[in-house]
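Listing of target.pdb, PDB, C-alpha atoms
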```pdb
ATOM      1  CA  MET A  69     -80.309 -14.958 -40.539
ATOM      2  CA  GLN A  70     -76.567 -14.321 -40.235
ATOM      3  CA  ASN A  71     -75.014 -12.663 -37.191
ATOM      4  CA  ILE A  72     -74.278  -8.944 -37.094
ATOM      5  CA  TYR A  73     -71.389  -7.855 -34.873
ATOM      6  CA  TYR A  74     -70.521  -4.458 -33.419
ATOM      7  CA  GLN A  75     -67.593  -2.957 -31.523
ATOM      8  CA  GLN A  76     -68.490  -4.662 -28.253
ATOM      9  CA  ASP A  77     -68.417  -8.038 -30.018
ATOM     10  CA  CYS A  78     -64.892  -7.592 -31.410
ATOM     11  CA  ASP A  79     -61.584  -7.779 -29.566
ATOM     12  CA  LEU A  80     -58.716  -5.842 -31.124
ATOM     13  CA  ALA A  81     -56.375  -7.585 -28.690
ATOM     14  CA  LYS A  82     -56.665 -10.660 -30.953
ATOM     15  CA  LEU A  83     -54.172  -8.829 -33.167
ATOM     16  CA  ASN A  84     -51.695  -8.128 -30.361
ATOM     17  CA  GLY A  85     -48.279  -9.505 -31.208
ATOM     18  CA  LYS A  86     -49.312 -10.132 -34.805
ATOM     19  CA  THR A  87     -48.152  -8.349 -37.927
ATOM     20  CA  VAL A  88     -50.601  -7.601 -40.708
ATOM     21  CA  ALA A  89     -49.297  -7.346 -44.270
ATOM     22  CA  VAL A  90     -51.506  -5.313 -46.578
ATOM     23  CA  ILE A  91     -50.624  -6.320 -50.119
ATOM     24  CA  GLY A  92     -51.416  -3.369 -52.379
ATOM     25  CA  TYR A  93     -51.793   0.328 -51.672
ATOM     26  CA  GLY A  94     -54.668   1.395 -53.885
ATOM     27  CA  SER A  95     -58.124   2.536 -52.820
ATOM     28  CA  GLN A  96     -58.729  -0.242 -50.287
ATOM     29  CA  GLY A  97     -55.061  -0.908 -49.497
ATOM     30  CA  HIS A  98     -54.235   2.562 -48.274
ATOM     31  CA  ALA A  99     -57.400   2.699 -46.164
ATOM     32  CA  HIS A 100     -56.835  -0.678 -44.508
ATOM     33  CA  ALA A 101     -53.157  -0.010 -43.810
ATOM     34  CA  LEU A 102     -53.623   3.469 -42.364
ATOM     35  CA  ASN A 103     -56.748   2.612 -40.364
ATOM     36  CA  LEU A 104     -55.092  -0.461 -38.831
ATOM     37  CA  LYS A 105     -51.926   1.491 -38.025
ATOM     38  CA  GLU A 106     -53.917   4.231 -36.320
ATOM     39  CA  SER A 107     -55.815   1.564 -34.374
ATOM     40  CA  GLY A 108     -52.497   0.396 -32.932
ATOM     41  CA  VAL A 109     -51.985  -2.676 -35.113
ATOM     42  CA  SER A 110     -48.526  -3.624 -36.425
ATOM     43  CA  VAL A 111     -48.808  -3.114 -40.197
ATOM     44  CA  ILE A 112     -46.492  -3.526 -43.167
ATOM     45  CA  VAL A 113     -47.321  -2.866 -46.813
ATOM     46  CA  GLY A 114     -46.293  -5.271 -49.555
ATOM     47  CA  LEU A 115     -45.689  -3.914 -53.060
ATOM     48  CA  TYR A 116     -43.757  -4.876 -56.161
ATOM     49  CA  THR A 117     -40.334  -3.324 -56.663
ATOM     50  CA  GLY A 118     -40.707  -0.044 -58.509
ATOM     51  CA  SER A 119     -44.323   0.522 -57.486
ATOM     52  CA  LYS A 120     -45.418   4.143 -57.703
ATOM     53  CA  SER A 121     -47.135   3.672 -54.334
ATOM     54  CA  TRP A 122     -43.957   2.700 -52.495
ATOM     55  CA  GLU A 123     -42.838   6.246 -51.666
ATOM     56  CA  LYS A 124     -46.432   7.328 -51.012
ATOM     57  CA  ALA A 125     -46.890   4.619 -48.376
ATOM     58  CA  GLU A 126     -43.565   5.436 -46.764
ATOM     59  CA  ARG A 127     -44.508   9.130 -46.593
ATOM     60  CA  ALA A 128     -47.613   8.049 -44.698
ATOM     61  CA  GLY A 129     -45.364   6.477 -42.074
ATOM     62  CA  LEU A 130     -45.804   2.865 -43.154
ATOM     63  CA  THR A 131     -43.131   0.197 -43.450
ATOM     64  CA  VAL A 132     -42.948  -1.015 -47.058
ATOM     65  CA  MET A 133     -41.301  -4.123 -48.486
ATOM     66  CA  THR A 134     -41.793  -6.478 -51.391
ATOM     67  CA  ALA A 135     -44.908  -8.622 -51.338
ATOM     68  CA  GLU A 136     -42.711 -11.690 -50.878
ATOM     69  CA  ASP A 137     -40.903 -10.244 -47.867
ATOM     70  CA  ALA A 138     -44.166  -8.936 -46.403
ATOM     71  CA  ALA A 139     -45.812 -12.353 -46.691
ATOM     72  CA  ARG A 140     -42.801 -13.934 -45.001
ATOM     73  CA  ALA A 141     -42.839 -11.438 -42.134
ATOM     74  CA  ALA A 142     -46.570 -11.301 -41.501
ATOM     75  CA  ASP A 143     -49.007 -13.393 -39.496
ATOM     76  CA  ILE A 144     -52.018 -12.069 -41.404
ATOM     77  CA  ILE A 145     -51.747 -11.394 -45.149
ATOM     78  CA  MET A 146     -54.505  -9.254 -46.656
ATOM     79  CA  ILE A 147     -54.509  -9.325 -50.471
ATOM     80  CA  LEU A 148     -55.875  -6.048 -51.848
ATOM     81  CA  ILE A 149     -54.795  -5.977 -55.493
ATOM     82  CA  ASN A 150     -57.018  -6.422 -58.554
ATOM     83  CA  ASP A 151     -58.862  -9.744 -58.737
ATOM     84  CA  GLU A 152     -57.238 -10.734 -62.030
ATOM     85  CA  LYS A 153     -53.720 -10.288 -60.585
ATOM     86  CA  GLN A 154     -54.180 -12.115 -57.304
ATOM     87  CA  ALA A 155     -53.597 -15.720 -58.413
ATOM     88  CA  LYS A 156     -50.227 -14.940 -60.013
ATOM     89  CA  LEU A 157     -49.107 -12.882 -57.017
ATOM     90  CA  TYR A 158     -50.210 -15.646 -54.662
ATOM     91  CA  THR A 159     -48.311 -18.340 -56.541
ATOM     92  CA  GLU A 160     -45.123 -16.324 -56.912
ATOM     93  CA  SER A 161     -44.861 -14.326 -53.683
ATOM     94  CA  ILE A 162     -47.258 -15.558 -51.028
ATOM     95  CA  GLU A 163     -47.678 -19.321 -51.270
ATOM     96  CA  PRO A 164     -43.941 -20.047 -50.764
ATOM     97  CA  ASN A 165     -44.065 -18.014 -47.557
ATOM     98  CA  LEU A 166     -47.190 -19.481 -45.984
ATOM     99  CA  THR A 167     -46.534 -21.497 -42.865
ATOM    100  CA  ALA A 168     -48.967 -23.322 -40.630
ATOM    101  CA  GLY A 169     -51.148 -21.027 -38.539
ATOM    102  CA  LYS A 170     -50.871 -17.949 -40.731
ATOM    103  CA  THR A 171     -53.992 -16.197 -41.966
ATOM    104  CA  LEU A 172     -54.764 -15.378 -45.579
ATOM    105  CA  ALA A 173     -57.301 -12.566 -45.892
ATOM    106  CA  PHE A 174     -59.323 -11.088 -48.733
ATOM    107  CA  ALA A 175     -61.750  -8.202 -49.203
ATOM    108  CA  HIS A 176     -63.608 -10.031 -51.990
ATOM    109  CA  GLY A 177     -64.184 -13.753 -52.350
ATOM    110  CA  PHE A 178     -63.639 -14.027 -56.114
ATOM    111  CA  ASN A 179     -60.340 -15.932 -56.207
ATOM    112  CA  ILE A 180     -61.214 -18.345 -53.412
ATOM    113  CA  HIS A 181     -64.772 -19.032 -54.541
ATOM    114  CA  PHE A 182     -63.824 -19.677 -58.168
ATOM    115  CA  GLY A 183     -60.779 -21.759 -57.225
ATOM    116  CA  CYS A 184     -58.113 -19.465 -58.653
ATOM    117  CA  ILE A 185     -56.303 -19.587 -55.300
ATOM    118  CA  ARG A 186     -56.218 -22.847 -53.322
ATOM    119  CA  PRO A 187     -54.545 -22.290 -49.941
ATOM    120  CA  PRO A 188     -53.099 -25.152 -47.882
ATOM    121  CA  LYS A 189     -55.349 -26.581 -45.176
ATOM    122  CA  ASP A 190     -53.129 -25.445 -42.291
ATOM    123  CA  VAL A 191     -53.777 -21.699 -42.748
ATOM    124  CA  ASN A 192     -56.831 -19.602 -41.976
ATOM    125  CA  VAL A 193     -58.730 -18.139 -44.925
ATOM    126  CA  ILE A 194     -60.932 -15.190 -44.003
ATOM    127  CA  MET A 195     -62.630 -12.246 -45.635
ATOM    128  CA  ILE A 196     -63.239  -8.722 -44.388
ATOM    129  CA  ALA A 197     -65.126  -6.846 -47.106
ATOM    130  CA  PRO A 198     -66.041  -3.186 -46.534
ATOM    131  CA  LYS A 199     -69.268  -2.252 -48.281
ATOM    132  CA  GLY A 200     -67.866   0.962 -49.691
ATOM    133  CA  PRO A 201     -64.901   2.308 -51.667
ATOM    134  CA  GLY A 202     -61.561   2.515 -49.899
ATOM    135  CA  HIS A 203     -61.578   6.307 -49.887
ATOM    136  CA  THR A 204     -64.857   6.157 -47.939
ATOM    137  CA  VAL A 205     -63.440   3.529 -45.572
ATOM    138  CA  ARG A 206     -60.673   6.017 -44.817
ATOM    139  CA  SER A 207     -62.766   9.185 -44.596
ATOM    140  CA  GLU A 208     -65.401   7.583 -42.360
ATOM    141  CA  PHE A 209     -62.695   6.239 -40.060
ATOM    142  CA  LEU A 210     -61.158   9.707 -39.752
ATOM    143  CA  ALA A 211     -64.609  11.096 -38.948
ATOM    144  CA  GLY A 212     -64.958   8.614 -36.091
ATOM    145  CA  LYS A 213     -67.435   6.498 -38.023
ATOM    146  CA  GLY A 214     -67.124   3.386 -40.151
ATOM    147  CA  VAL A 215     -68.239   1.569 -43.282
ATOM    148  CA  PRO A 216     -70.231  -1.655 -42.712
ATOM    149  CA  CYS A 217     -68.272  -4.816 -43.482
ATOM    150  CA  LEU A 218     -68.953  -8.420 -44.371
ATOM    151  CA  VAL A 219     -66.853 -11.131 -42.732
ATOM    152  CA  ALA A 220     -66.521 -14.772 -43.689
ATOM    153  CA  VAL A 221     -64.399 -17.756 -42.754
ATOM    154  CA  GLU A 222     -63.521 -20.280 -45.453
ATOM    155  CA  GLN A 223     -60.917 -22.183 -43.421
ATOM    156  CA  ASP A 224     -60.428 -22.116 -39.652
ATOM    157  CA  ALA A 225     -57.068 -23.770 -39.106
ATOM    158  CA  THR A 226     -56.352 -22.135 -35.730
ATOM    159  CA  GLY A 227     -59.827 -22.240 -34.216
ATOM    160  CA  ASP A 228     -60.098 -18.454 -33.870
ATOM    161  CA  ALA A 229     -60.349 -17.327 -37.498
ATOM    162  CA  LEU A 230     -63.663 -15.540 -36.963
ATOM    163  CA  ASP A 231     -62.255 -13.676 -33.954
ATOM    164  CA  LEU A 232     -59.309 -12.548 -36.102
ATOM    165  CA  ALA A 233     -61.649 -11.376 -38.862
ATOM    166  CA  LEU A 234     -63.764  -9.416 -36.375
ATOM    167  CA  ALA A 235     -60.666  -7.839 -34.825
ATOM    168  CA  TYR A 236     -59.499  -6.776 -38.282
ATOM    169  CA  ALA A 237     -62.958  -5.325 -39.037
ATOM    170  CA  LEU A 238     -62.761  -3.368 -35.791
ATOM    171  CA  GLY A 239     -59.276  -2.138 -36.689
ATOM    172  CA  ILE A 240     -60.401  -0.632 -39.999
ATOM    173  CA  GLY A 241     -63.517   0.922 -38.428
ATOM    174  CA  GLY A 242     -66.130  -1.453 -39.809
ATOM    175  CA  ALA A 243     -67.412  -2.585 -36.422
ATOM    176  CA  ARG A 244     -68.447   0.992 -35.656
ATOM    177  CA  ALA A 245     -71.136   0.564 -38.314
ATOM    178  CA  GLY A 246     -71.791  -3.186 -38.168
ATOM    179  CA  VAL A 247     -70.206  -6.394 -39.425
ATOM    180  CA  LEU A 248     -72.411  -8.989 -41.112
ATOM    181  CA  GLU A 249     -71.267 -12.597 -41.117
ATOM    182  CA  THR A 250     -71.590 -14.288 -44.505
ATOM    183  CA  THR A 251     -69.801 -16.800 -46.748
ATOM    184  CA  PHE A 252     -67.276 -16.433 -49.554
ATOM    185  CA  ARG A 253     -69.841 -17.787 -52.023
ATOM    186  CA  THR A 254     -72.616 -15.409 -50.981
ATOM    187  CA  GLU A 255     -70.370 -12.338 -50.922
ATOM    188  CA  THR A 256     -68.834 -13.124 -54.303
ATOM    189  CA  GLU A 257     -72.046 -13.879 -56.164
ATOM    190  CA  THR A 258     -74.108 -11.051 -54.671
ATOM    191  CA  ASP A 259     -71.283  -8.531 -55.075
ATOM    192  CA  LEU A 260     -70.767  -9.359 -58.755
ATOM    193  CA  PHE A 261     -74.509  -9.298 -59.392
ATOM    194  CA  GLY A 262     -74.988  -5.980 -57.604
ATOM    195  CA  GLU A 263     -72.145  -4.358 -59.526
ATOM    196  CA  GLN A 264     -73.283  -5.621 -62.912
ATOM    197  CA  ALA A 265     -77.064  -5.498 -62.762
ATOM    198  CA  VAL A 266     -77.626  -2.512 -60.491
ATOM    199  CA  LEU A 267     -74.825  -0.347 -59.091
ATOM    200  CA  CYS A 268     -72.533   0.046 -62.090
ATOM    201  CA  GLY A 269     -73.954  -1.665 -65.163
ATOM    202  CA  GLY A 270     -77.630  -1.065 -64.433
ATOM    203  CA  VAL A 271     -77.453   2.484 -63.087
ATOM    204  CA  CYS A 272     -74.974   3.768 -65.681
ATOM    205  CA  ALA A 273     -76.943   2.243 -68.551
ATOM    206  CA  LEU A 274     -80.190   3.704 -67.185
ATOM    207  CA  MET A 275     -78.760   7.213 -66.795
ATOM    208  CA  GLN A 276     -77.149   7.049 -70.224
ATOM    209  CA  ALA A 277     -80.366   5.857 -71.868
ATOM    210  CA  GLY A 278     -82.316   8.670 -70.217
ATOM    211  CA  PHE A 279     -79.715  11.212 -71.370
ATOM    212  CA  GLU A 280     -79.855   9.867 -74.930
ATOM    213  CA  THR A 281     -83.675   9.900 -74.992
ATOM    214  CA  LEU A 282     -83.872  13.575 -74.039
ATOM    215  CA  VAL A 283     -81.082  14.643 -76.401
ATOM    216  CA  GLU A 284     -82.612  12.708 -79.318
ATOM    217  CA  ALA A 285     -85.893  14.489 -78.579
ATOM    218  CA  GLY A 286     -84.141  17.833 -79.105
ATOM    219  CA  TYR A 287     -83.455  18.936 -75.542
ATOM    220  CA  ASP A 288     -80.239  20.711 -74.559
ATOM    221  CA  PRO A 289     -77.679  18.046 -73.543
ATOM    222  CA  ARG A 290     -76.872  20.073 -70.442
ATOM    223  CA  ASN A 291     -80.497  19.876 -69.328
ATOM    224  CA  ALA A 292     -80.429  16.146 -70.026
ATOM    225  CA  TYR A 293     -77.279  15.746 -67.939
ATOM    226  CA  PHE A 294     -78.739  17.621 -64.976
ATOM    227  CA  GLU A 295     -82.019  15.688 -65.040
ATOM    228  CA  CYS A 296     -80.749  12.153 -65.687
ATOM    229  CA  ILE A 297     -77.219  12.050 -64.272
ATOM    230  CA  HIS A 298     -76.448  14.942 -61.913
ATOM    231  CA  GLU A 299     -79.563  14.450 -59.778
ATOM    232  CA  MET A 300     -78.926  10.737 -59.311
ATOM    233  CA  LYS A 301     -76.639  11.470 -56.368
ATOM    234  CA  LEU A 302     -79.292  13.575 -54.689
ATOM    235  CA  ILE A 303     -81.837  10.770 -54.917
ATOM    236  CA  VAL A 304     -79.380   8.067 -53.862
ATOM    237  CA  ASP A 305     -78.300  10.161 -50.856
ATOM    238  CA  LEU A 306     -81.925  10.316 -49.716
ATOM    239  CA  ILE A 307     -82.297   6.547 -50.115
ATOM    240  CA  TYR A 308     -79.004   6.018 -48.262
ATOM    241  CA  GLN A 309     -80.274   8.128 -45.366
ATOM    242  CA  SER A 310     -83.906   7.002 -45.104
ATOM    243  CA  GLY A 311     -84.683   4.254 -47.598
ATOM    244  CA  PHE A 312     -87.156   4.434 -50.463
ATOM    245  CA  GLU A 313     -89.839   5.763 -48.120
ATOM    246  CA  GLY A 314     -87.660   8.651 -46.978
ATOM    247  CA  MET A 315     -86.740   9.521 -50.553
ATOM    248  CA  ARG A 316     -90.390   9.524 -51.589
ATOM    249  CA  TYR A 317     -91.259  11.691 -48.595
ATOM    250  CA  SER A 318     -88.650  14.243 -49.698
ATOM    251  CA  VAL A 319     -89.595  14.533 -53.373
ATOM    252  CA  SER A 320     -92.736  16.128 -54.786
ATOM    253  CA  ASN A 321     -96.045  14.294 -55.122
ATOM    254  CA  THR A 322     -95.561  14.534 -58.885
ATOM    255  CA  ALA A 323     -92.225  12.743 -58.662
ATOM    256  CA  GLU A 324     -93.560  10.146 -56.245
ATOM    257  CA  TYR A 325     -96.567   9.347 -58.427
ATOM    258  CA  GLY A 326     -94.332   9.104 -61.491
ATOM    259  CA  ASP A 327     -92.076   6.755 -59.513
ATOM    260  CA  TYR A 328     -94.929   4.323 -58.811
ATOM    261  CA  VAL A 329     -96.498   4.268 -62.269
ATOM    262  CA  THR A 330     -93.409   4.544 -64.482
ATOM    263  CA  GLY A 331     -90.772   2.495 -62.683
ATOM    264  CA  PRO A 332     -92.465  -0.831 -63.547
ATOM    265  CA  LYS A 333     -92.605   0.215 -67.205
ATOM    266  CA  ILE A 334     -88.816   0.582 -67.223
ATOM    267  CA  ILE A 335     -87.912  -2.427 -65.069
ATOM    268  CA  THR A 336     -90.196  -5.044 -66.612
ATOM    269  CA  ASP A 337     -90.591  -8.798 -66.233
ATOM    270  CA  GLU A 338     -88.223  -9.086 -69.177
ATOM    271  CA  THR A 339     -85.629  -7.082 -67.247
ATOM    272  CA  LYS A 340     -85.993  -9.453 -64.297
ATOM    273  CA  LYS A 341     -85.480 -12.428 -66.621
ATOM    274  CA  THR A 342     -82.285 -10.844 -67.879
ATOM    275  CA  MET A 343     -81.142 -10.245 -64.297
ATOM    276  CA  LYS A 344     -81.729 -13.906 -63.490
ATOM    277  CA  LYS A 345     -79.604 -14.916 -66.488
ATOM    278  CA  ILE A 346     -76.845 -12.537 -65.324
ATOM    279  CA  LEU A 347     -76.986 -14.133 -61.864
ATOM    280  CA  ALA A 348     -76.877 -17.637 -63.350
ATOM    281  CA  ASP A 349     -73.758 -16.750 -65.367
ATOM    282  CA  ILE A 350     -72.132 -15.500 -62.177
ATOM    283  CA  GLN A 351     -73.125 -18.560 -60.165
ATOM    284  CA  ASP A 352     -71.864 -21.136 -62.677
ATOM    285  CA  GLY A 353     -68.558 -19.325 -63.276
ATOM    286  CA  THR A 354     -69.285 -18.181 -66.835
ATOM    287  CA  PHE A 355     -68.613 -14.534 -66.053
ATOM    288  CA  ALA A 356     -65.451 -15.331 -64.074
ATOM    289  CA  LYS A 357     -64.007 -17.381 -66.947
ATOM    290  CA  GLU A 358     -64.832 -14.644 -69.469
ATOM    291  CA  PHE A 359     -63.336 -11.933 -67.268
ATOM    292  CA  LEU A 360     -60.139 -13.801 -66.463
ATOM    293  CA  LEU A 361     -59.596 -14.736 -70.110
ATOM    294  CA  GLU A 362     -60.054 -11.101 -71.146
ATOM    295  CA  MET A 363     -57.537  -9.988 -68.521
ATOM    296  CA  SER A 364     -54.984 -12.708 -69.354
ATOM    297  CA  ASP A 365     -52.004 -12.363 -71.668
ATOM    298  CA  ALA A 366     -54.013 -14.286 -74.274
ATOM    299  CA  GLY A 367     -56.919 -11.854 -74.052
ATOM    300  CA  SER A 368     -54.648  -8.806 -73.790
ATOM    301  CA  GLN A 369     -57.633  -6.735 -72.544
ATOM    302  CA  VAL A 370     -58.435  -5.775 -76.153
ATOM    303  CA  HIS A 371     -62.209  -5.949 -75.681
ATOM    304  CA  PHE A 372     -62.050  -4.377 -72.232
ATOM    305  CA  ASN A 373     -60.016  -1.410 -73.459
ATOM    306  CA  ALA A 374     -62.320  -0.963 -76.457
ATOM    307  CA  LEU A 375     -65.337  -0.850 -74.118
ATOM    308  CA  ARG A 376     -63.539   1.658 -71.896
ATOM    309  CA  ARG A 377     -62.744   3.934 -74.864
ATOM    310  CA  LYS A 378     -66.289   3.731 -76.193
ATOM    311  CA  ALA A 379     -67.742   4.642 -72.793
ATOM    312  CA  ALA A 380     -65.327   7.577 -72.391
ATOM    313  CA  GLU A 381     -66.363   8.971 -75.772
ATOM    314  CA  HIS A 382     -70.096   8.989 -75.041
ATOM    315  CA  PRO A 383     -71.683  12.474 -75.313
ATOM    316  CA  ALA A 384     -72.830  12.257 -71.704
ATOM    317  CA  GLU A 385     -69.171  12.214 -70.652
ATOM    318  CA  THR A 386     -68.307  15.204 -72.807
ATOM    319  CA  VAL A 387     -71.252  17.205 -71.524
ATOM    320  CA  GLY A 388     -70.600  16.028 -67.988
ATOM    321  CA  LYS A 389     -67.066  17.426 -67.977
ATOM    322  CA  GLU A 390     -68.457  20.784 -69.078
ATOM    323  CA  VAL A 391     -71.245  20.794 -66.509
ATOM    324  CA  ARG A 392     -69.059  19.668 -63.612
ATOM    325  CA  LYS A 393     -66.839  22.714 -64.115
ATOM    326  CA  LEU A 394     -69.797  24.694 -62.797
ATOM    327  CA  TYR A 395     -69.727  22.803 -59.493
ATOM    328  CA  SER A 396     -67.988  25.289 -57.212
ATOM    329  CA  TRP A 397     -68.510  22.887 -54.316
ATOM    330  CA  SER A 398     -66.714  19.909 -55.856
ATOM    331  CA  ASP A 399     -63.167  21.123 -56.472
ATOM    332  CA  GLU A 400     -61.726  18.867 -53.793
ATOM    333  CA  ASP A 401     -61.276  15.093 -53.504
ATOM    334  CA  LYS A 402     -61.862  14.313 -57.168
ATOM    335  CA  LEU A 403     -60.852  10.795 -58.181
ATOM    336  CA  ILE A 404     -59.962  11.978 -61.701
ATOM    337  CA  ASN A 405     -59.375  15.504 -62.888
ATOM    338  CA  ASN A 406     -62.157  16.397 -65.306
TER
END
```

Exercise: express the given structure as structure tokens:
Amino acid sequence: MQNIYYQQDCDLAKLNGKTVAVIGYGSQGHAHALNLKESGVSVIVGLYTGSKSWEKAERAGLTVMTAEDAARAADIIMILINDEKQAKLYTESIEPNLTAGKTLAFAHGFNIHFGCIRPPKDVNVIMIAPKGPGHTVRSEFLAGKGVPCLVAVEQDATGDALDLALAYALGIGGARAGVLETTFRTETETDLFGEQAVLCGGVCALMQAGFETLVEAGYDPRNAYFECIHEMKLIVDLIYQSGFEGMRYSVSNTAEYGDYVTGPKIITDETKKTMKKILADIQDGTFAKEFLLEMSDAGSQVHFNALRRKAAEHPAETVGKEVRKLYSWSDEDKLINN
């Protein structure tokens, strides 16, 4: 079993006298930068010239410079841009500015684990991976709470890489909830599998299939949306709070019985076999190669964009936009306006 660390196990003073460069100012980037700053850490933000986020970060009171200048000025460099863009950024802006004893940090192990980025041996390579979206990392921090994090050390050039990772986790609020020690390999492979087979791919496909089944049977699409998509959050919130047992305690006996007898008919042995194949493709690098090729200049994201358009045009999305207009309680904090 891996170690779990909490606030009393982490020393923010490990970051005293050090400058952290947060490269990127998206969902995770803005949360890390602002949380660290408000924890008393010296933070700069690295962006490309002309970035739309440049002024936004400055308005938040952060010092902004190019990624190259930020990497040169910083002791700890946290890369928080899209996975497919990290290797190019590293080669062009970060690698030339790495000197012995600096720390290269990631929030996902993809580029290190699959060898897209190969740092020199005289720098630390660590990971601090919040188990939640950046907007939640920020909102929980502001509420005096935190999002659990994973930490890992791939290279310990200075002998205190784990202490630095734990201090960083404390600075963004993760140690308030708990910090689980892991490895780059484990985080990368389990994260990709969870996203594809369960959290994004699995759940979205399941909700969409349920919606389609009811609509094809002649039911009002709005009813189908409420039953198969809208209520998912309510169930997941119960599981988040109290596990499967707590969820089953909260729903009706009818729902609980249906859960036990019908769930195995949906998630069959054949489904598990497919999941194992998905995991194997992640473990041997097949998925990573496919993804990076699709995102490269050669791939031009043609297939990816076609999949995105097809998903956006699904009837569940059309109906969902109509139904969500009825949600008087959800006018604030929308990620997209629909």

Just give me the gap between CA of Gly92 (chain A) and CA of Met133 (chain A) in Å, one decimal is fine.
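Distance reported for this atom pair: 10.9 Å.
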
Using all atoms listed in the file, which residues of region 134-185 of chain A come within 8 Å of region 241-253 of chain A, and what is the closest atom pair for each, with the distance in Å to one decimal? Give it as JSON lines, sorted by chain and residue number.
```
{"residue": "A:His176", "atom": "CA", "partner": "A:Phe252", "partner_atom": "CA", "distance": 7.8}
{"residue": "A:Gly177", "atom": "CA", "partner": "A:Phe252", "partner_atom": "CA", "distance": 5.0}
{"residue": "A:Phe178", "atom": "CA", "partner": "A:Phe252", "partner_atom": "CA", "distance": 7.9}
{"residue": "A:Ile180", "atom": "CA", "partner": "A:Phe252", "partner_atom": "CA", "distance": 7.4}
{"residue": "A:His181", "atom": "CA", "partner": "A:Arg253", "partner_atom": "CA", "distance": 5.8}
```

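As for CA of Phe359 (chain A) and CA of Pro216 (chain A), they are spaced 27.5 Å apart.
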
Return as AutoDock Vina command-line options the centre and edge lengths, in Å with one decimal, of the box along x, y and z that encloses every atom of region 188-200 of chain A in the file, padded by 5 Å per side.
```
--center_x -61.2 --center_y -12.8 --center_z -45.8 --size_x 26.2 --size_y 37.5 --size_z 17.7
```

Tell me which protein, DNA and RNA residues are within 12 Å of Ala273 (chain A), counting only C-alpha atoms, leaving out same-chain ones fewer than 4 positions away, and put them as a VMD selection string.
chain A and resid 264 to 269 277 to 280 296 to 297 379 382 384

List the residues matched by the PyMOL selection byres ((chain A and resi 224) around 12) in the displayed structure as a list in words, ordered by chain and then by residue number.
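Expected selection for the PyMOL selection byres ((chain A and resi 224) around 12) here is Ala168, Gly169, Lys170, Thr171, Leu172, Ala173, Pro187, Pro188, Lys189, Asp190, Val191, Asn192, Val193, Ile194, Met195, Ala220, Val221, Glu222, Gln223, Ala225, Thr226, Gly227, Asp228, Ala229, Leu230, Asp231, Leu232 and Ala233 of chain A.
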
Go ahead and save the picked residues with C-alpha atoms, as a JSON list (two decimals), in the frame of the given file.
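As written to disk, result_39.json reads:
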```
[["chain", "number", "residue", "atom", "x", "y", "z"],
["A", 168, "ALA", "CA", -48.97, -23.32, -40.63],
["A", 169, "GLY", "CA", -51.15, -21.03, -38.54],
["A", 170, "LYS", "CA", -50.87, -17.95, -40.73],
["A", 171, "THR", "CA", -53.99, -16.20, -41.97],
["A", 172, "LEU", "CA", -54.76, -15.38, -45.58],
["A", 173, "ALA", "CA", -57.30, -12.57, -45.89],
["A", 187, "PRO", "CA", -54.54, -22.29, -49.94],
["A", 188, "PRO", "CA", -53.10, -25.15, -47.88],
["A", 189, "LYS", "CA", -55.35, -26.58, -45.18],
["A", 190, "ASP", "CA", -53.13, -25.44, -42.29],
["A", 191, "VAL", "CA", -53.78, -21.70, -42.75],
["A", 192, "ASN", "CA", -56.83, -19.60, -41.98],
["A", 193, "VAL", "CA", -58.73, -18.14, -44.92],
["A", 194, "ILE", "CA", -60.93, -15.19, -44.00],
["A", 195, "MET", "CA", -62.63, -12.25, -45.64],
["A", 220, "ALA", "CA", -66.52, -14.77, -43.69],
["A", 221, "VAL", "CA", -64.40, -17.76, -42.75],
["A", 222, "GLU", "CA", -63.52, -20.28, -45.45],
["A", 223, "GLN", "CA", -60.92, -22.18, -43.42],
["A", 225, "ALA", "CA", -57.07, -23.77, -39.11],
["A", 226, "THR", "CA", -56.35, -22.14, -35.73],
["A", 227, "GLY", "CA", -59.83, -22.24, -34.22],
["A", 228, "ASP", "CA", -60.10, -18.45, -33.87],
["A", 229, "ALA", "CA", -60.35, -17.33, -37.50],
["A", 230, "LEU", "CA", -63.66, -15.54, -36.96],
["A", 231, "ASP", "CA", -62.26, -13.68, -33.95],
["A", 232, "LEU", "CA", -59.31, -12.55, -36.10],
["A", 233, "ALA", "CA", -61.65, -11.38, -38.86]]
```

Enumerate, as a list in words, the protein, DNA and RNA residues whose atoms approach (-45.5, -16.7, -46.2) to within 8 Å, taking into account all atoms listed in the file and the coordinate frame of the file.
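Neighbouring residues, ordered by chain and number, come to Glu136, Ala138, Ala139, Arg140, Ala141, Ala142, Ser161, Ile162, Glu163, Pro164, Asn165, Leu166, Thr167 and Lys170 of chain A.
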
Applying 12 Å and only C-alpha atoms, which residues near Arg206 (chain A) remain after dropping the ones on its own chain fewer than 5 positions away? List them as a compact mmCIF listing (two decimals) with C-alpha atoms, in the frame of the given file.
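The new file out.txt reads:
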```
# COMPACT_ATOMS: atom_id res chain seq x y z
CA GLY A 94 -54.67 1.40 -53.88
CA SER A 95 -58.12 2.54 -52.82
CA GLN A 96 -58.73 -0.24 -50.29
CA GLY A 97 -55.06 -0.91 -49.50
CA HIS A 98 -54.24 2.56 -48.27
CA ALA A 99 -57.40 2.70 -46.16
CA HIS A 100 -56.84 -0.68 -44.51
CA ALA A 101 -53.16 -0.01 -43.81
CA LEU A 102 -53.62 3.47 -42.36
CA ASN A 103 -56.75 2.61 -40.36
CA LEU A 104 -55.09 -0.46 -38.83
CA LYS A 105 -51.93 1.49 -38.02
CA GLU A 106 -53.92 4.23 -36.32
CA PRO A 198 -66.04 -3.19 -46.53
CA GLY A 200 -67.87 0.96 -49.69
CA PRO A 201 -64.90 2.31 -51.67
CA ALA A 211 -64.61 11.10 -38.95
CA GLY A 212 -64.96 8.61 -36.09
CA LYS A 213 -67.44 6.50 -38.02
CA GLY A 214 -67.12 3.39 -40.15
CA VAL A 215 -68.24 1.57 -43.28
CA GLY A 239 -59.28 -2.14 -36.69
CA ILE A 240 -60.40 -0.63 -40.00
CA GLY A 241 -63.52 0.92 -38.43
CA GLY A 242 -66.13 -1.45 -39.81
```
